[in-house]
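What follows is the content of work06.txt (compact mmCIF, C-alpha atoms).
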# COMPACT_ATOMS: atom_id res chain seq x y z
CA MET A 1 -8.68 14.90 8.93
CA PRO A 2 -10.68 11.77 8.21
CA THR A 3 -12.60 10.31 11.10
CA PRO A 4 -12.15 6.58 10.74
CA THR A 5 -14.48 4.42 12.73
CA THR A 6 -12.60 3.12 15.69
CA ALA A 7 -12.89 -0.61 15.99
CA SER A 8 -12.52 -2.32 19.30
CA PHE A 9 -8.94 -3.43 19.44
CA ASP A 10 -7.74 -5.45 22.37
CA ALA A 11 -4.33 -6.65 23.53
CA THR A 12 -4.84 -9.98 21.75
CA ASP A 13 -5.63 -8.25 18.45
CA ARG A 14 -2.53 -6.14 18.87
CA ALA A 15 -0.38 -9.18 19.63
CA LEU A 16 -1.78 -10.91 16.55
CA ILE A 17 -0.99 -7.91 14.36
CA ARG A 18 2.54 -7.86 15.73
CA ALA A 19 2.99 -11.58 15.12
CA SER A 20 1.62 -11.57 11.57
CA GLN A 21 2.30 -8.13 10.08
CA ALA A 22 5.50 -9.30 8.37
CA GLY A 23 3.78 -12.34 6.90
CA LEU A 24 1.63 -15.38 7.58
CA PRO A 25 3.73 -18.48 8.43
CA LEU A 26 4.18 -20.74 5.39
CA VAL A 27 3.11 -23.90 7.23
CA ALA A 28 0.07 -26.12 6.90
CA ALA A 29 -1.64 -24.68 9.99
CA PRO A 30 -0.50 -21.03 10.16
CA TYR A 31 -3.21 -19.87 12.59
CA LYS A 32 -2.34 -22.68 14.97
CA GLN A 33 1.33 -21.65 14.80
CA LEU A 34 0.47 -18.01 15.52
CA GLY A 35 -1.63 -19.20 18.46
CA GLU A 36 1.24 -21.24 19.86
CA MET A 37 3.46 -18.15 19.78
CA LEU A 38 0.85 -16.17 21.71
CA GLY A 39 -0.72 -18.74 24.01
CA LEU A 40 -3.99 -18.86 22.05
CA SER A 41 -5.90 -21.70 20.48
CA GLU A 42 -6.23 -21.94 16.71
CA GLN A 43 -9.95 -21.22 17.06
CA GLU A 44 -9.23 -18.07 19.08
CA VAL A 45 -6.80 -16.82 16.44
CA ILE A 46 -9.32 -17.42 13.67
CA ALA A 47 -12.10 -15.78 15.69
CA HIS A 48 -9.97 -12.68 16.32
CA PHE A 49 -9.05 -12.38 12.65
CA GLU A 50 -12.72 -12.80 11.69
CA ALA A 51 -13.73 -10.04 14.07
CA MET A 52 -10.96 -7.78 12.78
CA GLN A 53 -12.10 -8.47 9.23
CA ALA A 54 -15.69 -7.63 10.13
CA SER A 55 -14.61 -4.31 11.67
CA GLY A 56 -12.36 -3.43 8.71
CA LEU A 57 -9.20 -3.52 10.80
CA LEU A 58 -8.11 -6.54 8.76
CA ARG A 59 -8.55 -5.51 5.13
CA ARG A 60 -7.76 -8.98 3.83
CA ILE A 61 -5.20 -11.74 3.99
CA GLY A 62 -3.37 -12.09 0.73
CA ALA A 63 -0.47 -11.64 -1.60
CA VAL A 64 1.21 -8.26 -2.06
CA PRO A 65 3.01 -8.25 -5.40
CA ASN A 66 5.94 -6.14 -6.46
CA HIS A 67 4.15 -4.54 -9.39
CA TYR A 68 7.34 -4.05 -11.38
CA ALA A 69 7.99 -7.79 -11.26
CA LEU A 70 4.55 -8.36 -12.77
CA GLY A 71 5.36 -5.99 -15.63
CA TRP A 72 3.46 -2.95 -14.30
CA ARG A 73 6.32 -0.55 -14.89
CA ALA A 74 4.44 2.70 -15.39
CA ASN A 75 3.06 3.56 -11.96
CA GLY A 76 1.89 7.13 -11.98
CA MET A 77 0.68 9.28 -9.16
CA THR A 78 -1.55 11.72 -11.02
CA VAL A 79 -2.15 14.94 -9.10
CA TRP A 80 -4.76 17.58 -9.89
CA ASP A 81 -5.61 21.10 -8.80
CA VAL A 82 -9.39 20.91 -8.66
CA ALA A 83 -11.74 23.70 -7.60
CA ASP A 84 -12.56 23.17 -3.92
CA GLU A 85 -16.31 23.34 -4.42
CA GLN A 86 -16.20 20.48 -6.94
CA VAL A 87 -13.43 18.24 -5.64
CA GLU A 88 -15.70 15.99 -3.55
CA MET A 89 -18.04 15.24 -6.41
CA LEU A 90 -15.27 14.87 -8.97
CA GLY A 91 -13.13 12.76 -6.63
CA GLU A 92 -15.95 10.23 -6.47
CA ARG A 93 -16.09 10.12 -10.25
CA VAL A 94 -12.32 9.74 -10.66
CA GLY A 95 -12.24 7.04 -7.96
CA ALA A 96 -14.93 5.17 -9.89
CA LEU A 97 -12.77 4.90 -13.04
CA PRO A 98 -11.89 1.21 -13.33
CA PHE A 99 -8.13 1.77 -13.74
CA VAL A 100 -7.70 4.06 -10.70
CA SER A 101 -6.38 2.01 -7.77
CA HIS A 102 -6.37 4.73 -5.10
CA CYS A 103 -7.97 8.17 -5.09
CA TYR A 104 -7.71 10.75 -2.32
CA LYS A 105 -8.31 14.39 -1.56
CA ARG A 106 -5.23 15.80 0.15
CA PRO A 107 -4.16 19.28 1.29
CA ARG A 108 -2.40 21.67 -1.09
CA ARG A 109 1.05 22.90 -0.05
CA LEU A 110 1.15 26.34 -1.61
CA PRO A 111 2.95 27.93 -3.32
CA HIS A 112 4.78 24.92 -4.72
CA TRP A 113 2.15 22.22 -4.55
CA PRO A 114 -1.27 23.33 -5.82
CA TYR A 115 -2.71 19.81 -6.21
CA ASN A 116 -5.52 18.57 -3.99
CA LEU A 117 -6.69 15.39 -5.76
CA PHE A 118 -4.43 12.34 -6.08
CA ALA A 119 -5.22 9.28 -8.23
CA MET A 120 -2.89 6.33 -8.86
CA VAL A 121 -2.77 4.70 -12.30
CA HIS A 122 -0.81 1.64 -13.38
CA ALA A 123 0.15 0.47 -16.85
CA ARG A 124 2.80 -1.61 -18.55
CA THR A 125 4.40 1.40 -20.24
CA VAL A 126 4.18 5.17 -19.91
CA ALA A 127 2.66 5.25 -23.40
CA ASP A 128 -0.11 2.90 -22.20
CA ALA A 129 -0.71 5.11 -19.18
CA HIS A 130 -1.17 8.38 -21.08
CA PRO A 131 -4.70 7.63 -22.30
CA LEU A 132 -5.65 6.80 -18.70
CA VAL A 133 -4.38 10.18 -17.53
CA MET A 134 -6.36 11.84 -20.33
CA GLN A 135 -9.54 10.08 -19.24
CA ILE A 136 -9.11 11.54 -15.76
CA GLN A 137 -8.55 14.94 -17.32
CA GLU A 138 -11.82 14.58 -19.25
CA VAL A 139 -13.74 13.76 -16.08
CA LEU A 140 -12.32 16.81 -14.33
CA GLY A 141 -12.86 19.15 -17.27
CA SER A 142 -12.72 22.86 -16.55
CA ALA A 143 -12.76 22.32 -12.77
CA CYS A 144 -9.10 21.31 -13.10
CA ARG A 145 -6.60 24.16 -13.31
CA ALA A 146 -3.34 22.20 -13.47
CA HIS A 147 -2.07 18.68 -13.16
CA ASP A 148 1.10 16.61 -13.09
CA VAL A 149 2.04 12.94 -13.14
CA LEU A 150 4.78 11.66 -10.87
CA TRP A 151 6.05 8.34 -12.20
CA SER A 152 7.72 6.01 -9.76
CA THR A 153 11.26 5.22 -10.84
CA ARG A 154 12.22 2.91 -7.96
CA ILE A 155 10.57 1.04 -5.12
CA LEU A 156 12.74 1.98 -2.16
CA LYS A 157 10.80 0.16 0.56
CA LYS A 158 7.60 -1.86 0.65
CA THR A 159 7.31 -3.56 4.00
CA GLY A 160 3.87 -2.33 5.05
CA LEU A 161 2.71 -1.56 8.56
CA ARG A 162 5.07 -2.46 11.42
CA ILE A 163 3.68 -1.67 14.82
CA GLY A 164 6.23 -1.71 17.60
CA PRO A 165 6.49 -3.63 20.87
CA GLY A 166 4.16 -1.16 22.60
CA ASP A 167 4.39 1.36 25.37
CA MET B 168 13.91 -4.50 -4.98
CA SER B 169 14.44 -3.69 -8.64
CA ALA B 170 13.09 -7.03 -9.79
CA GLU B 171 13.67 -7.05 -13.53
CA GLU B 172 11.45 -8.91 -15.96
CA THR B 173 10.82 -12.08 -14.10
CA THR B 174 9.98 -15.51 -15.28
CA LEU B 175 6.50 -16.34 -14.16
CA ASP B 176 4.72 -19.38 -15.44
CA ALA B 177 0.97 -19.76 -15.78
CA LEU B 178 0.62 -21.30 -12.33
CA ASP B 179 2.61 -18.49 -10.65
CA ARG B 180 0.24 -16.03 -12.31
CA ARG B 181 -2.87 -17.89 -11.17
CA ILE B 182 -1.53 -18.02 -7.63
CA ILE B 183 -0.68 -14.31 -7.58
CA ASN B 184 -4.02 -13.32 -9.06
CA ASP B 185 -6.11 -15.55 -6.81
CA LEU B 186 -4.29 -14.73 -3.62
CA GLN B 187 -4.34 -10.98 -4.19
CA ARG B 188 -8.08 -11.23 -3.57
CA GLY B 189 -8.07 -13.10 -0.30
CA PHE B 190 -7.16 -16.20 1.66
CA PRO B 191 -9.24 -18.53 3.86
CA LEU B 192 -9.51 -18.25 7.64
CA THR B 193 -9.66 -22.01 8.09
CA PRO B 194 -7.40 -24.44 9.99
CA ASN B 195 -5.58 -25.54 6.82
CA PRO B 196 -5.90 -22.49 4.59
CA TYR B 197 -3.08 -23.39 2.19
CA ALA B 198 -4.71 -26.76 1.53
CA ASP B 199 -8.06 -25.02 0.94
CA ALA B 200 -6.55 -22.36 -1.33
CA ALA B 201 -4.58 -25.03 -3.18
CA LYS B 202 -7.75 -27.01 -3.80
CA ALA B 203 -9.38 -23.97 -5.39
CA LEU B 204 -6.31 -23.64 -7.62
CA GLN B 205 -6.43 -27.39 -8.38
CA ILE B 206 -2.93 -28.00 -7.06
CA ASP B 207 -1.73 -29.59 -3.85
CA GLU B 208 -0.79 -27.84 -0.64
CA ALA B 209 2.95 -28.61 -0.90
CA GLU B 210 3.09 -27.10 -4.38
CA LEU B 211 1.32 -23.92 -3.22
CA LEU B 212 3.65 -23.52 -0.23
CA ALA B 213 6.72 -24.06 -2.41
CA ARG B 214 5.48 -21.59 -5.03
CA LEU B 215 4.70 -18.93 -2.43
CA LYS B 216 8.13 -19.35 -0.87
CA SER B 217 9.78 -18.99 -4.26
CA LEU B 218 7.68 -15.91 -5.19
CA LEU B 219 8.66 -14.29 -1.89
CA ASP B 220 12.33 -15.27 -2.19
CA ARG B 221 12.47 -13.84 -5.72
CA GLY B 222 10.86 -10.57 -4.62
CA ILE B 223 7.86 -11.05 -6.90
CA LEU B 224 5.68 -10.92 -3.84
CA THR B 225 6.84 -8.41 -1.24
CA ARG B 226 4.65 -9.99 1.41
CA PHE B 227 2.07 -12.68 1.96
CA GLY B 228 -0.22 -12.30 4.92
CA PRO B 229 -2.73 -10.06 6.65
CA LEU B 230 -3.10 -6.44 5.53
CA PHE B 231 -4.25 -4.26 8.39
CA GLN B 232 -6.12 -0.98 8.11
CA ILE B 233 -4.70 0.45 11.31
CA GLU B 234 -6.80 3.63 10.92
CA ARG B 235 -9.71 1.52 12.15
CA ALA B 236 -7.90 1.25 15.47
CA GLY B 237 -6.83 4.87 15.86
CA GLY B 238 -3.71 4.74 13.68
CA ARG B 239 -2.85 6.62 10.52
CA PHE B 240 -1.26 6.06 7.14
CA VAL B 241 0.18 9.42 6.05
CA LEU B 242 1.69 10.16 2.66
CA CYS B 243 4.82 12.31 2.95
CA ALA B 244 7.30 13.77 0.49
CA CYS B 245 10.67 15.46 0.47
CA HIS B 246 13.36 16.63 -1.88
CA ALA B 247 16.80 15.04 -1.74
CA ASN B 248 19.54 16.29 -4.01
CA ALA B 249 21.62 13.88 -6.06
CA GLU B 250 24.67 14.02 -3.79
CA ARG B 251 22.71 13.12 -0.67
CA LEU B 252 20.10 10.88 -2.29
CA ALA B 253 21.38 7.50 -1.06
CA GLU B 254 21.97 8.83 2.44
CA VAL B 255 18.50 10.40 2.68
CA ILE B 256 16.84 7.24 1.40
CA ALA B 257 18.71 5.13 3.95
CA ALA B 258 17.75 7.45 6.81
CA ILE B 259 14.07 7.42 5.82
CA ASN B 260 13.98 3.66 5.30
CA ALA B 261 15.62 3.04 8.66
CA ARG B 262 12.45 4.23 10.42
CA PRO B 263 10.16 1.28 11.13
CA GLU B 264 7.16 3.61 10.71
CA VAL B 265 7.98 4.02 7.00
CA ALA B 266 5.81 1.39 5.33
CA HIS B 267 6.32 2.21 1.63
CA HIS B 268 8.77 4.44 -0.15
CA TYR B 269 9.06 5.34 -3.83
CA GLU B 270 11.36 7.55 -5.85
CA ARG B 271 9.34 9.70 -8.26
CA THR B 272 9.87 12.08 -11.16
CA HIS B 273 9.44 15.48 -9.50
CA TYR B 274 11.45 18.03 -7.51
CA LEU B 275 9.79 16.30 -4.53
CA ASN B 276 11.53 13.08 -5.51
CA LEU B 277 10.97 10.88 -2.46
CA TRP B 278 7.44 9.86 -1.48
CA PHE B 279 6.81 7.61 1.47
CA VAL B 280 3.96 6.45 3.68
CA VAL B 281 4.28 6.68 7.45
CA ALA B 282 2.15 4.06 9.22
CA ILE B 283 1.56 4.74 12.89
CA GLU B 284 -0.55 3.08 15.52
CA ARG B 285 -1.57 6.32 17.22
CA ALA B 286 -2.39 9.43 15.21
CA ALA B 287 -0.84 11.62 17.91
CA ALA B 288 2.62 10.18 17.17
CA LEU B 289 2.78 11.73 13.70
CA GLU B 290 4.56 14.95 14.60
CA ASP B 291 7.28 13.16 16.53
CA VAL B 292 7.86 10.63 13.77
CA LEU B 293 8.12 13.34 11.12
CA ALA B 294 10.47 15.40 13.29
CA ARG B 295 12.66 12.36 13.77
CA ILE B 296 12.78 11.67 10.03
CA GLU B 297 13.63 15.31 9.30
CA ALA B 298 16.44 15.22 11.83
CA ASP B 299 17.84 11.85 10.71
CA ALA B 300 17.58 12.53 6.98
CA GLY B 301 18.38 16.23 7.04
CA VAL B 302 15.46 17.17 4.80
CA ALA B 303 12.19 19.07 5.17
CA VAL B 304 9.23 16.69 5.03
CA LEU B 305 5.81 17.68 3.72
CA ALA B 306 2.86 15.63 4.96
CA PHE B 307 -0.19 15.07 2.78
CA PRO B 308 -2.71 13.48 5.13
CA LYS B 309 -5.79 12.27 3.31
CA GLU B 310 -8.84 14.46 3.71
CA ARG B 311 -11.15 12.13 1.78
CA GLU B 312 -10.69 8.61 0.49
CA PHE B 313 -12.69 8.09 -2.69
CA PHE B 314 -11.49 4.64 -3.63
CA VAL B 315 -8.85 2.09 -2.69
CA ASN B 316 -8.52 -1.23 -4.40
CA LEU B 317 -5.22 -2.23 -5.86
CA TYR B 318 -5.50 -5.37 -7.94
CA LEU B 319 -2.80 -5.84 -10.56
CA PRO B 320 -3.11 -9.08 -12.50
CA ALA B 321 0.11 -10.99 -13.18

Any chance you could give the structure as structure tokens?
Amino acid sequence: MPTPTTASFDATDRALIRASQAGLPLVAAPYKQLGEMLGLSEQEVIAHFEAMQASGLLRRIGAVPNHYALGWRANGMTVWDVADEQVEMLGERVGALPFVSHCYKRPRRLPHWPYNLFAMVHARTVADAHPLVMQIQEVLGSACRAHDVLWSTRILKKTGLRIGPGD
Amino acid sequence: MSAEETTLDALDRRIINDLQRGFPLTPNPYADAAKALQIDEAELLARLKSLLDRGILTRFGPLFQIERAGGRFVLCACHANAERLAEVIAAINARPEVAHHYERTHYLNLWFVVAIERAAALEDVLARIEADAGVAVLAFPKEREFFVNLYLPA
């Protein structure tokens, strides 16, 4: 398992996540509005978000597009069976390819799932994506025993994190 | 969610591209972001509302990396046969812990991400999904993250 750094995370941070995880209010002063919902000043809300950003708990505030709507129709999860002793080094190199948006080492699920390295690629068409997959294959070379590409055919849900009301 | 080829004008594209990268933590952030885009605040708010309403943006707001606070994002997969596909999808999507869900071209045809606030809750959430959906779920927790940065220009 990864060992993520644990940021300090207080009840106010949690309340702010709950209040904003579905979206930032589309009003002129959204942080003030969040504060009014939670009994905080605008400055307190901004300060908490800044601290969460500094700790990495807030990755960013921004737009999450539906990639299909932007024309990115070929979204492939490329999966690779890479020799264990080389997967760390090669994962770094695959993750560094400019067109790879996410790259992870994950457990195999033998006998049916031999793949331990996952890298996401995105292109307008499957034909455009093939050369990208081949570039990954070149990086992996003989350390890779098998691979597959799982294309997404439908987005079934894309809401993001939803933490609950708490215990 | 199957937004077909959508009509986006040049300003929509600039907004999507700029705001994928970040957004100000200032008292009037839409006004500040609008200024950088050389438009006015009302126009930016109206455009964002329209992009959200049309499903071109699935969300606009903070993206939290809950793993920094003891949570987990866990990729999971299952197989659903054609007869039960819609039912299995509905059961999986009904769980609030399911953050993303895609159908993919493989025998394991449903791939979803479970987002939980406490790592210890994973087993219970997966057991609940298996029971509700009537499928066996495989979890693929990440062992190493080499790179994450999704930026798809409009």

Determine, for each residue of chain A having at least one atom at most 6 Å from an atom of chain B, the closest pair of atoms and their separation in Å to one decimal, counting all atoms listed in the file; order by chain and ascending number, as a Markdown table.
| residue | atom | partner | partner_atom | distance |
| --- | --- | --- | --- | --- |
| A:Met1 | CA | B:Glu310 | CA | 5.2 |
| A:Pro2 | CA | B:Glu310 | CA | 5.6 |
| A:Pro4 | CA | B:Arg235 | CA | 5.8 |
| A:Thr5 | CA | B:Arg235 | CA | 5.6 |
| A:Thr6 | CA | B:Arg235 | CA | 4.8 |
| A:Ala7 | CA | B:Ala236 | CA | 5.4 |
| A:Gly23 | CA | B:Gly228 | CA | 4.5 |
| A:Leu24 | CA | B:Gly228 | CA | 4.5 |
| A:Ala28 | CA | B:Asn195 | CA | 5.7 |
| A:Ala29 | CA | B:Asn195 | CA | 5.1 |
| A:Leu57 | CA | B:Gln232 | CA | 4.8 |
| A:Leu58 | CA | B:Phe231 | CA | 4.5 |
| A:Arg59 | CA | B:Phe231 | CA | 5.5 |
| A:Arg60 | CA | B:Leu230 | CA | 5.6 |
| A:Ile61 | CA | B:Pro229 | CA | 4.0 |
| A:Gly62 | CA | B:Gly189 | CA | 4.9 |
| A:Ala63 | CA | B:Phe227 | CA | 4.5 |
| A:Val64 | CA | B:Arg226 | CA | 5.2 |
| A:Pro65 | CA | B:Leu224 | CA | 4.1 |
| A:Asn66 | CA | B:Ile223 | CA | 5.3 |
| A:Ala69 | CA | B:Ala170 | CA | 5.4 |
| A:Leu70 | CA | B:Ala321 | CA | 5.2 |
| A:Glu92 | CA | B:Phe313 | CA | 5.4 |
| A:Gly95 | CA | B:Phe314 | CA | 5.0 |
| A:Ser101 | CA | B:Leu317 | CA | 4.8 |
| A:His102 | CA | B:Val315 | CA | 4.4 |
| A:Cys103 | CA | B:Phe314 | CA | 5.2 |
| A:Tyr104 | CA | B:Glu312 | CA | 4.6 |
| A:Lys105 | CA | B:Arg311 | CA | 4.9 |
| A:Arg106 | CA | B:Lys309 | CA | 4.8 |
| A:Pro107 | CA | B:Phe307 | CA | 6.0 |
| A:Leu150 | CA | B:Thr272 | CA | 5.1 |
| A:Trp151 | CA | B:Arg271 | CA | 5.3 |
| A:Ser152 | CA | B:Arg271 | CA | 4.3 |
| A:Thr153 | CA | B:Glu270 | CA | 5.5 |
| A:Arg154 | CA | B:Glu270 | CA | 5.2 |
| A:Ile155 | CA | B:Tyr269 | CA | 4.7 |
| A:Leu156 | CA | B:His268 | CA | 5.1 |
| A:Lys157 | CA | B:His268 | CA | 4.8 |
| A:Lys158 | CA | B:His267 | CA | 4.4 |
| A:Thr159 | CA | B:Ala266 | CA | 5.3 |
| A:Gly160 | CA | B:Ala266 | CA | 4.2 |
| A:Leu161 | CA | B:Ala266 | CA | 5.4 |

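Across the model, the gap from CA of Leu132 (chain A) to CA of Val100 (chain A) is 8.7 Å.
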
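For the pair CA of Ser55 (chain A) and CA of Lys32 (chain A), the separation is 22.3 Å.
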
Discussion item. List as a list in words the residues having at least one atom at most 12 Å from position (20.2, 15.3, 0.1) as given in the file, counting only C-alpha atoms.
Written reply: Cys245, His246, Ala247, Asn248, Ala249, Glu250, Arg251, Leu252, Ala253, Glu254, Val255, Ile256, Ala257, Ala258, Ile259, Tyr274, Leu275, Asn276, Leu277, Glu297, Asp299, Ala300, Gly301, Val302 and Ala303 of chain B

What box, with edges along x, y and z, holds each listed atom of region 10-13 of chain A when 3 Å is added on every side, and can you state its centre and edge lengths in Å to one decimal, as lines of an AutoDock Vina configuration file?
center_x = -6.0
center_y = -7.7
center_z = 21.0
size_x = 9.4
size_y = 10.5
size_z = 11.1

Worksheet item: Near Cys144 (chain A), counting all atoms listed in the file, which residues have an atom at most 7 Å away, once you skip same-chain residues fewer than 3 positions from it, shown as a list in words?
Response: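 Neighbouring residues, sequence-local ones excluded: Trp80, Asp81, Val82, Ala83, Leu140 and Gly141 of chain A.
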
Residues from last step as file, C-alpha atoms, as a compact mmCIF listing (two decimals), keeping the file's coordinate frame:
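Everything below was put into result_23.txt:
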# COMPACT_ATOMS: atom_id res chain seq x y z
CA TRP A 80 -4.76 17.58 -9.89
CA ASP A 81 -5.61 21.10 -8.80
CA VAL A 82 -9.39 20.91 -8.66
CA ALA A 83 -11.74 23.70 -7.60
CA LEU A 140 -12.32 16.81 -14.33
CA GLY A 141 -12.86 19.15 -17.27

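Atom to atom, CA of Met120 (chain A) and CA of Thr78 (chain A) stand 6.0 Å apart.
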
Item to complete: Select, from A:Leu26, A:Ala74, A:Ala47, A:Val94, the residue with the minimum atom-to-atom distance to Arg214 (chain B), counting all atoms listed in the file.
Response: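 Once distances to Arg214 (chain B) are computed over all atoms listed in the file, the minimum belongs to A:Leu26.
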
Who sits within 9 Å of Ile17 (chain A), all atoms listed in the file, same chain under 2 positions skipped, as a PDB file with C-alpha atoms, in the coordinates of the input:
ATOM      1  CA  THR A  12      -4.840  -9.980  21.750  1.00  0.00           C
ATOM      2  CA  ASP A  13      -5.630  -8.250  18.450  1.00  0.00           C
ATOM      3  CA  ARG A  14      -2.530  -6.140  18.870  1.00  0.00           C
ATOM      4  CA  ALA A  15      -0.380  -9.180  19.630  1.00  0.00           C
ATOM      5  CA  ALA A  19       2.990 -11.580  15.120  1.00  0.00           C
ATOM      6  CA  SER A  20       1.620 -11.570  11.570  1.00  0.00           C
ATOM      7  CA  GLN A  21       2.300  -8.130  10.080  1.00  0.00           C
ATOM      8  CA  ALA A  22       5.500  -9.300   8.370  1.00  0.00           C
ATOM      9  CA  ARG A 162       5.070  -2.460  11.420  1.00  0.00           C
ATOM     10  CA  ILE A 163       3.680  -1.670  14.820  1.00  0.00           C
TER      11      ILE A 163
ATOM     12  CA  PRO B 229      -2.730 -10.060   6.650  1.00  0.00           C
ATOM     13  CA  PHE B 231      -4.250  -4.260   8.390  1.00  0.00           C
TER      14      PHE B 231
END

Worksheet, complete the sentence: The residue from A:Asn75, A:Tyr68, A:Gln86, A:Glu44 with the smallest atom-to-atom distance to Ser142 (chain A), counting all atoms listed in the file, is A:Gln86
